[in-house]
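Structure file structure.pdb (PDB, C-alpha atoms) follows.
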```pdb
ATOM      1  CA  MET P 353     132.410 106.430  99.480  1.00  0.00           C
ATOM      2  CA  ILE P 354     132.000 106.698 103.239  1.00  0.00           C
ATOM      3  CA  ILE P 355     131.292 104.171 105.991  1.00  0.00           C
ATOM      4  CA  ILE P 356     128.722 104.928 108.682  1.00  0.00           C
ATOM      5  CA  LYS P 357     129.642 102.823 111.697  1.00  0.00           C
ATOM      6  CA  GLU P 358     127.330 101.228 114.217  1.00  0.00           C
ATOM      7  CA  ASP P 359     128.300 103.662 117.005  1.00  0.00           C
ATOM      8  CA  GLU P 360     126.992 106.523 114.838  1.00  0.00           C
ATOM      9  CA  PHE P 361     123.488 105.046 114.641  1.00  0.00           C
ATOM     10  CA  ILE P 362     120.631 106.316 116.830  1.00  0.00           C
ATOM     11  CA  THR P 363     118.531 103.734 118.701  1.00  0.00           C
ATOM     12  CA  SER P 364     115.101 104.430 120.214  1.00  0.00           C
ATOM     13  CA  GLU P 365     112.051 102.542 121.428  1.00  0.00           C
ATOM     14  CA  TRP P 366     108.927 101.812 119.403  1.00  0.00           C
ATOM     15  CA  SER P 367     105.752  99.981 120.415  1.00  0.00           C
ATOM     16  CA  GLY P 368     107.060  96.576 119.295  1.00  0.00           C
ATOM     17  CA  GLY P 369     110.719  96.803 120.320  1.00  0.00           C
ATOM     18  CA  LYS P 370     113.710  98.950 119.339  1.00  0.00           C
ATOM     19  CA  THR P 371     114.506 100.813 116.130  1.00  0.00           C
ATOM     20  CA  THR P 372     117.953 101.942 115.020  1.00  0.00           C
ATOM     21  CA  GLU P 373     118.235 104.848 112.613  1.00  0.00           C
ATOM     22  CA  MET P 374     121.228 104.300 110.327  1.00  0.00           C
ATOM     23  CA  PHE P 375     120.786 107.046 107.734  1.00  0.00           C
ATOM     24  CA  ILE P 376     118.503 110.035 107.310  1.00  0.00           C
ATOM     25  CA  TYR P 377     118.490 112.755 104.674  1.00  0.00           C
ATOM     26  CA  PRO P 378     118.729 115.693 104.974  1.00  0.00           C
ATOM     27  CA  LYS P 379     121.042 115.288 107.964  1.00  0.00           C
ATOM     28  CA  ASP P 380     119.192 117.903 110.012  1.00  0.00           C
ATOM     29  CA  SER P 381     115.789 116.303 109.405  1.00  0.00           C
ATOM     30  CA  ASN P 382     113.917 114.374 112.072  1.00  0.00           C
ATOM     31  CA  TYR P 383     111.823 111.212 111.935  1.00  0.00           C
ATOM     32  CA  LYS P 384     109.228 112.488 114.402  1.00  0.00           C
ATOM     33  CA  SER P 385     108.884 115.763 112.520  1.00  0.00           C
ATOM     34  CA  MET P 386     108.406 113.820 109.254  1.00  0.00           C
ATOM     35  CA  ASP P 387     110.537 116.348 107.380  1.00  0.00           C
ATOM     36  CA  PHE P 388     112.966 113.736 106.023  1.00  0.00           C
ATOM     37  CA  LYS P 389     113.195 112.628 102.406  1.00  0.00           C
ATOM     38  CA  CYS P 390     114.685 109.219 103.106  1.00  0.00           C
ATOM     39  CA  ARG P 391     115.423 107.146 106.162  1.00  0.00           C
ATOM     40  CA  ILE P 392     117.138 103.768 106.584  1.00  0.00           C
ATOM     41  CA  SER P 393     116.685 101.849 109.808  1.00  0.00           C
ATOM     42  CA  SER P 394     116.766  98.410 111.380  1.00  0.00           C
ATOM     43  CA  ALA P 395     114.240  97.340 113.989  1.00  0.00           C
ATOM     44  CA  THR P 396     113.953  94.486 116.428  1.00  0.00           C
ATOM     45  CA  VAL P 397     110.408  93.178 116.690  1.00  0.00           C
ATOM     46  CA  GLU P 398     110.243  91.817 120.240  1.00  0.00           C
ATOM     47  CA  LEU P 399     106.512  91.040 120.359  1.00  0.00           C
ATOM     48  CA  GLU P 400     104.943  88.066 118.616  1.00  0.00           C
ATOM     49  CA  GLU P 401     102.330  90.439 117.177  1.00  0.00           C
ATOM     50  CA  SER P 402     102.762  94.177 116.674  1.00  0.00           C
ATOM     51  CA  GLU P 403     101.206  97.112 114.812  1.00  0.00           C
ATOM     52  CA  PHE P 404     103.297  99.438 112.677  1.00  0.00           C
ATOM     53  CA  THR P 405     103.072 103.197 113.054  1.00  0.00           C
ATOM     54  CA  LYS P 406     101.052 104.740 110.229  1.00  0.00           C
ATOM     55  CA  LEU P 407     103.170 107.117 108.143  1.00  0.00           C
ATOM     56  CA  LYS P 408     101.236 109.395 105.811  1.00  0.00           C
ATOM     57  CA  GLU P 409     102.711 109.885 102.325  1.00  0.00           C
ATOM     58  CA  VAL P 410     105.664 107.591 103.032  1.00  0.00           C
ATOM     59  CA  ASN P 411     106.646 104.753 100.707  1.00  0.00           C
ATOM     60  CA  ARG P 412     108.118 101.843 102.677  1.00  0.00           C
ATOM     61  CA  PHE P 413     110.324  98.842 101.924  1.00  0.00           C
ATOM     62  CA  ILE P 414     110.944  96.117 104.498  1.00  0.00           C
ATOM     63  CA  THR P 415     112.829  92.830 104.661  1.00  0.00           C
ATOM     64  CA  PRO P 416     113.517  90.473 107.592  1.00  0.00           C
ATOM     65  CA  LEU P 417     117.169  89.656 108.225  1.00  0.00           C
ATOM     66  CA  ASN P 418     117.131  86.585 110.439  1.00  0.00           C
ATOM     67  CA  LYS P 419     113.715  84.865 110.471  1.00  0.00           C
ATOM     68  CA  GLU P 420     110.461  84.764 108.537  1.00  0.00           C
ATOM     69  CA  LEU P 421     108.067  87.682 108.953  1.00  0.00           C
ATOM     70  CA  ARG P 422     104.316  87.744 108.295  1.00  0.00           C
ATOM     71  CA  LEU P 423     102.594  91.015 107.449  1.00  0.00           C
ATOM     72  CA  THR P 424      98.943  91.852 106.942  1.00  0.00           C
ATOM     73  CA  HIS P 425      97.027  95.029 106.216  1.00  0.00           C
ATOM     74  CA  ASP P 426      93.494  93.693 106.764  1.00  0.00           C
ATOM     75  CA  LEU P 427      93.987  90.699 109.117  1.00  0.00           C
ATOM     76  CA  GLN P 428      92.728  88.448 106.313  1.00  0.00           C
ATOM     77  CA  LYS P 429      95.421  88.271 103.653  1.00  0.00           C
ATOM     78  CA  TYR P 430      99.016  87.664 104.784  1.00  0.00           C
ATOM     79  CA  ILE P 431     102.374  88.369 103.148  1.00  0.00           C
ATOM     80  CA  GLU P 432     104.998  85.756 104.037  1.00  0.00           C
ATOM     81  CA  LEU P 433     108.543  87.144 103.899  1.00  0.00           C
ATOM     82  CA  LYS P 434     111.615  84.966 104.156  1.00  0.00           C
ATOM     83  CA  PRO P 435     114.936  86.607 105.089  1.00  0.00           C
ATOM     84  CA  TYR P 436     115.996  89.100 102.407  1.00  0.00           C
ATOM     85  CA  GLU P 437     112.662  88.981 100.594  1.00  0.00           C
ATOM     86  CA  ILE P 438     111.599  92.602 100.127  1.00  0.00           C
ATOM     87  CA  TYR P 439     108.106  94.018 100.396  1.00  0.00           C
ATOM     88  CA  GLU P 440     107.060  97.532  99.311  1.00  0.00           C
ATOM     89  CA  PHE P 441     103.949  99.171 100.749  1.00  0.00           C
ATOM     90  CA  ASP P 442     102.184 102.443 101.518  1.00  0.00           C
ATOM     91  CA  GLY P 443     103.193 103.617 104.989  1.00  0.00           C
ATOM     92  CA  GLU P 444      99.712 105.004 105.628  1.00  0.00           C
ATOM     93  CA  MET P 445      98.102 101.557 105.437  1.00  0.00           C
ATOM     94  CA  SER P 446      97.243  99.674 108.605  1.00  0.00           C
ATOM     95  CA  THR P 447     100.048  97.133 108.940  1.00  0.00           C
ATOM     96  CA  TYR P 448     100.410  94.311 111.450  1.00  0.00           C
ATOM     97  CA  SER P 449     103.381  91.963 111.831  1.00  0.00           C
ATOM     98  CA  ILE P 450     103.624  88.451 113.223  1.00  0.00           C
ATOM     99  CA  GLY P 451     106.976  87.071 114.287  1.00  0.00           C
ATOM    100  CA  LYS P 452     109.941  88.151 116.388  1.00  0.00           C
ATOM    101  CA  VAL P 453     112.573  89.284 113.888  1.00  0.00           C
ATOM    102  CA  ILE P 454     115.254  91.810 113.039  1.00  0.00           C
ATOM    103  CA  ASP P 455     114.250  93.782 109.969  1.00  0.00           C
ATOM    104  CA  PHE P 456     115.704  96.369 107.604  1.00  0.00           C
ATOM    105  CA  ASN P 457     113.629  99.339 106.455  1.00  0.00           C
ATOM    106  CA  LEU P 458     113.743 102.020 103.789  1.00  0.00           C
ATOM    107  CA  MET P 459     111.361 104.995 103.967  1.00  0.00           C
ATOM    108  CA  LEU P 460     110.924 107.501 101.151  1.00  0.00           C
ATOM    109  CA  ALA P 461     108.990 110.737 101.635  1.00  0.00           C
ATOM    110  CA  ASN P 462     108.563 114.309 100.383  1.00  0.00           C
ATOM    111  CA  GLY P 463     109.200 113.494  96.733  1.00  0.00           C
ATOM    112  CA  ALA P 464     112.164 111.129  97.110  1.00  0.00           C
ATOM    113  CA  LYS P 465     112.324 108.088  94.814  1.00  0.00           C
ATOM    114  CA  GLY P 466     114.222 104.846  95.147  1.00  0.00           C
ATOM    115  CA  TYR P 467     114.207 101.135  95.764  1.00  0.00           C
ATOM    116  CA  LEU P 468     115.673  98.346  97.886  1.00  0.00           C
ATOM    117  CA  ILE P 469     117.016  95.124  96.400  1.00  0.00           C
ATOM    118  CA  ASN P 470     119.056  92.169  97.629  1.00  0.00           C
ATOM    119  CA  GLU P 471     122.266  91.370  95.757  1.00  0.00           C
ATOM    120  CA  ARG P 472     123.424  87.770  96.150  1.00  0.00           C
ATOM    121  CA  VAL P 473     127.195  88.262  96.289  1.00  0.00           C
ATOM    122  CA  LYS P 474     129.618  85.587  95.168  1.00  0.00           C
ATOM    123  CA  GLU P 475     133.197  85.407  96.429  1.00  0.00           C
ATOM    124  CA  GLU P 476     134.051  88.001  93.772  1.00  0.00           C
ATOM    125  CA  SER P 477     131.534  90.076  91.808  1.00  0.00           C
ATOM    126  CA  ILE P 478     131.188  93.343  89.921  1.00  0.00           C
ATOM    127  CA  ILE P 479     128.461  95.861  90.716  1.00  0.00           C
ATOM    128  CA  LYS P 480     127.744  98.649  88.258  1.00  0.00           C
ATOM    129  CA  ILE P 481     126.556 102.034  89.488  1.00  0.00           C
ATOM    130  CA  LEU P 482     124.901 103.984  86.713  1.00  0.00           C
ATOM    131  CA  PRO P 483     123.718 107.589  86.771  1.00  0.00           C
ATOM    132  CA  THR P 484     120.064 108.232  85.990  1.00  0.00           C
ATOM    133  CA  ASN P 485     118.877 110.270  83.040  1.00  0.00           C
ATOM    134  CA  VAL P 486     116.870 112.505  85.348  1.00  0.00           C
ATOM    135  CA  ASN P 487     118.403 115.629  86.852  1.00  0.00           C
ATOM    136  CA  TYR P 488     118.017 114.780  90.544  1.00  0.00           C
ATOM    137  CA  GLN P 489     119.464 117.093  93.178  1.00  0.00           C
ATOM    138  CA  GLU P 490     121.132 114.213  95.048  1.00  0.00           C
ATOM    139  CA  GLU P 491     121.596 110.495  94.393  1.00  0.00           C
ATOM    140  CA  PHE P 492     122.915 107.805  96.711  1.00  0.00           C
ATOM    141  CA  GLU P 493     123.776 104.121  96.496  1.00  0.00           C
ATOM    142  CA  ILE P 494     123.812 102.586  99.971  1.00  0.00           C
ATOM    143  CA  PHE P 495     124.943  99.074 100.894  1.00  0.00           C
ATOM    144  CA  TYR P 496     124.336  97.026 104.050  1.00  0.00           C
ATOM    145  CA  SER P 497     125.675  93.616 105.072  1.00  0.00           C
ATOM    146  CA  HIS P 498     124.160  91.831 108.050  1.00  0.00           C
ATOM    147  CA  GLU P 499     126.174  88.638 107.712  1.00  0.00           C
ATOM    148  CA  MET P 500     129.862  89.292 107.049  1.00  0.00           C
ATOM    149  CA  SER P 501     132.551  91.744 106.004  1.00  0.00           C
ATOM    150  CA  ILE P 502     132.680  92.653 102.316  1.00  0.00           C
ATOM    151  CA  SER P 503     135.479  94.374 100.417  1.00  0.00           C
ATOM    152  CA  PHE P 504     134.570  97.131  97.906  1.00  0.00           C
ATOM    153  CA  ILE P 505     137.245  98.138  95.387  1.00  0.00           C
ATOM    154  CA  ALA P 506     136.839 101.107  93.018  1.00  0.00           C
ATOM    155  CA  ASP P 507     139.503 103.193  91.298  1.00  0.00           C
ATOM    156  CA  ASP P 508     142.228 101.295  93.211  1.00  0.00           C
ATOM    157  CA  LYS P 509     140.648 102.293  96.520  1.00  0.00           C
ATOM    158  CA  GLU P 510     139.460  99.570  98.888  1.00  0.00           C
ATOM    159  CA  ILE P 511     136.856  99.955 101.618  1.00  0.00           C
ATOM    160  CA  ILE P 512     135.796  97.197 104.008  1.00  0.00           C
ATOM    161  CA  LEU P 513     132.105  97.091 104.930  1.00  0.00           C
ATOM    162  CA  ASN P 514     131.688  95.225 108.211  1.00  0.00           C
ATOM    163  CA  PRO P 515     128.396  93.737 109.441  1.00  0.00           C
ATOM    164  CA  ASN P 516     125.925  96.350 110.735  1.00  0.00           C
ATOM    165  CA  GLU P 517     127.592  99.249 108.941  1.00  0.00           C
ATOM    166  CA  LEU P 518     126.449 101.283 105.938  1.00  0.00           C
ATOM    167  CA  LEU P 519     128.504 102.117 102.876  1.00  0.00           C
ATOM    168  CA  VAL P 520     127.163 105.348 101.361  1.00  0.00           C
ATOM    169  CA  ILE P 521     128.162 106.376  97.839  1.00  0.00           C
ATOM    170  CA  SER P 522     127.182 109.875  96.754  1.00  0.00           C
ATOM    171  CA  ILE P 523     126.680 110.083  92.991  1.00  0.00           C
ATOM    172  CA  SER P 524     127.789 113.593  92.154  1.00  0.00           C
ATOM    173  CA  ASN P 525     129.006 113.176  88.579  1.00  0.00           C
ATOM    174  CA  LYS P 526     126.106 112.264  86.287  1.00  0.00           C
ATOM    175  CA  ASP P 527     128.389 111.316  83.380  1.00  0.00           C
ATOM    176  CA  ILE P 528     130.487 108.609  85.013  1.00  0.00           C
ATOM    177  CA  GLU P 529     129.648 104.936  85.340  1.00  0.00           C
ATOM    178  CA  LEU P 530     131.332 103.198  88.267  1.00  0.00           C
ATOM    179  CA  ASP P 531     132.339  99.527  88.355  1.00  0.00           C
ATOM    180  CA  ILE P 532     132.876  98.276  91.897  1.00  0.00           C
ATOM    181  CA  LYS P 533     134.580  94.958  92.548  1.00  0.00           C
ATOM    182  CA  ILE P 534     133.238  93.278  95.672  1.00  0.00           C
ATOM    183  CA  LYS P 535     134.788  90.358  97.503  1.00  0.00           C
ATOM    184  CA  SER P 536     133.587  88.171 100.371  1.00  0.00           C
ATOM    185  CA  LYS P 537     134.944  84.982 101.917  1.00  0.00           C
ATOM    186  CA  THR P 538     131.748  83.088 101.078  1.00  0.00           C
ATOM    187  CA  PRO P 539     128.565  83.911  99.116  1.00  0.00           C
ATOM    188  CA  CYS P 540     126.312  86.234 101.098  1.00  0.00           C
ATOM    189  CA  ASN P 541     123.431  88.689 100.916  1.00  0.00           C
ATOM    190  CA  LEU P 542     124.055  92.393 100.348  1.00  0.00           C
ATOM    191  CA  LEU P 543     121.214  94.896 100.622  1.00  0.00           C
ATOM    192  CA  ARG P 544     121.463  97.658  98.044  1.00  0.00           C
ATOM    193  CA  THR P 545     119.467 100.887  98.228  1.00  0.00           C
ATOM    194  CA  ARG P 546     119.140 103.543  95.530  1.00  0.00           C
ATOM    195  CA  ILE P 547     117.854 106.947  96.633  1.00  0.00           C
ATOM    196  CA  MET P 548     117.049 109.834  94.300  1.00  0.00           C
ATOM    197  CA  ILE P 549     116.283 113.283  95.689  1.00  0.00           C
ATOM    198  CA  PRO P 550     114.525 115.759  93.338  1.00  0.00           C
TER
END
```
Would you mind giving the structure from this file in structure tokens?
Amino acid sequence: MIIIKEDEFITSEWSGGKTTEMFIYPKDSNYKSMDFKCRISSATVELEESEFTKLKEVNRFITPLNKELRLTHDLQKYIELKPYEIYEFDGEMSTYSIGKVIDFNLMLANGAKGYLINERVKEESIIKILPTNVNYQEEFEIFYSHEMSISFIADDKEIILNPNELLVISISNKDIELDIKIKSKTPCNLLRTRIMIP
């Protein structure tokens, strides 16, 4: 288990505001070159209306963190997302957003599989990390808290995940199930990402 801190993230401009890259795999891959298998980022949408960059053969997950976000692919039907509601879509589709928000994004490309879910954490909970039955080259469980610090305890080792940091767990042993005790001062939202690299 490792923590990626905020000062290790890479922030750049996009047409609607700023985007912060938190995690990319492989490490030497590049978003602009589109040679990555997975990428986790957070963006600030600073325009009331903006158009997303089209990303061929990329599967995308998005959720707003602070306010409601409206998305549309055809300017006729709209998807209304409340904070921590997650939407999955094809990155090659025309996508327009309405609303000034901070969002959280997962991109999967070049054969990578995975998902993004929101865990509603109580003051004390148990999260199970299970290996898959498929022989993937690499597997990761990645956690993000936007609201507050959360304590993760596994095998008598404690790690504190502060807001705007990532906790990355590399699943190297396919035969071991891991129970992680998590604690927070009050109930909160915890974004959980599973990434599987063939």
Neighbours of region 424-440 of chain P within 7 Å (only C-alpha atoms; same-chain residues fewer than 4 positions away dropped), as a count of residues only? 15
Please determine, counting all atoms listed in the file, which residue among P:Pro539, P:Pro550, P:Pro515, P:Gly463 has the shortest atom-to-atom distance to Thr484 (chain P). P:Pro550
Answer key for the PyMOL selection byres ((chain P and resi 510) around 12), residues as a PyMOL selection string: chain P and resi 353-355+502-509+511-513+519+532-535
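Evaluated on this file, the PyMOL selection byres ((chain P and resi 540) around 9) matches P:Glu471, P:Arg472, P:Val473, P:Lys474, P:Glu475, P:Ser497, P:Glu499, P:Met500, P:Ser536, P:Lys537, P:Thr538, P:Pro539, P:Asn541, P:Leu542.
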Select all residues near (116.2, 115.2, 105.5) (cut-off 12 Å, inclusive, file coordinates), counting all atoms listed in the file, and output them as a PyMOL selection string. chain P and resi 375-392+459-464+490+549
I need the chosen residues saved as an mmCIF file, keeping the file's coordinate frame, with C-alpha atoms.
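again-v1.cif, freshly written:
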```cif
data_model
loop_
_atom_site.group_PDB
_atom_site.id
_atom_site.type_symbol
_atom_site.label_atom_id
_atom_site.label_comp_id
_atom_site.auth_asym_id
_atom_site.auth_seq_id
_atom_site.Cartn_x
_atom_site.Cartn_y
_atom_site.Cartn_z
ATOM 1 C CA PHE P 375 120.786 107.046 107.734
ATOM 2 C CA ILE P 376 118.503 110.035 107.310
ATOM 3 C CA TYR P 377 118.490 112.755 104.674
ATOM 4 C CA PRO P 378 118.729 115.693 104.974
ATOM 5 C CA LYS P 379 121.042 115.288 107.964
ATOM 6 C CA ASP P 380 119.192 117.903 110.012
ATOM 7 C CA SER P 381 115.789 116.303 109.405
ATOM 8 C CA ASN P 382 113.917 114.374 112.072
ATOM 9 C CA TYR P 383 111.823 111.212 111.935
ATOM 10 C CA LYS P 384 109.228 112.488 114.402
ATOM 11 C CA SER P 385 108.884 115.763 112.520
ATOM 12 C CA MET P 386 108.406 113.820 109.254
ATOM 13 C CA ASP P 387 110.537 116.348 107.380
ATOM 14 C CA PHE P 388 112.966 113.736 106.023
ATOM 15 C CA LYS P 389 113.195 112.628 102.406
ATOM 16 C CA CYS P 390 114.685 109.219 103.106
ATOM 17 C CA ARG P 391 115.423 107.146 106.162
ATOM 18 C CA ILE P 392 117.138 103.768 106.584
ATOM 19 C CA MET P 459 111.361 104.995 103.967
ATOM 20 C CA LEU P 460 110.924 107.501 101.151
ATOM 21 C CA ALA P 461 108.990 110.737 101.635
ATOM 22 C CA ASN P 462 108.563 114.309 100.383
ATOM 23 C CA GLY P 463 109.200 113.494 96.733
ATOM 24 C CA ALA P 464 112.164 111.129 97.110
ATOM 25 C CA GLU P 490 121.132 114.213 95.048
ATOM 26 C CA ILE P 549 116.283 113.283 95.689
#
```
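Across the model, the gap from CA of Lys357 (chain P) to CA of Ser501 (chain P) is 12.8 Å.
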Could you write out as a ChimeraX atom specification the residues that the PyMOL selection byres ((chain P and resi 451) around 8) matches in the shown file? /P:397,399-401,420-422,449-450,452-453
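Between Glu373 (chain P) and the residues P:Leu458, P:Ile494, P:Val410, P:Ile521, the shortest atom-to-atom distance, using all atoms listed in the file, involves P:Leu458.
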At a cut-off of 7 Å, using all atoms listed in the file, what residues contact Gly443 (chain P)? Leave out same-chain residues fewer than 6 positions from it and give the result as number ranges by chain. P: 406-412
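The closest residue to Ile454 (chain P), picked from P:Thr405, P:Asn485, P:Thr372, P:Ser522 and counting only C-alpha atoms, is P:Thr372.
CA of Glu403 (chain P) is found 21.7 Å from CA of Met374 (chain P).
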Separation of CA of Glu398 (chain P) from CA of Lys370 (chain P), in Å and rounded to one decimal: 8.0 Å
What lies within 8 Å of Ser367 (chain P) using all atoms listed in the file, ignoring chain neighbours under 2 positions off, as number ranges by chain? P: 365, 369, 402-403
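Closest to Leu518 (chain P) among P:Ile478, P:Val486, P:Met548, P:Leu543 is P:Leu543, based on all atoms listed in the file.
All residues that come within 6 Å of the coordinates (120.5, 107.7, 96.1), counting only C-alpha atoms, are given as Glu491, Phe492, Glu493, Arg546, Ile547 and Met548 of chain P.
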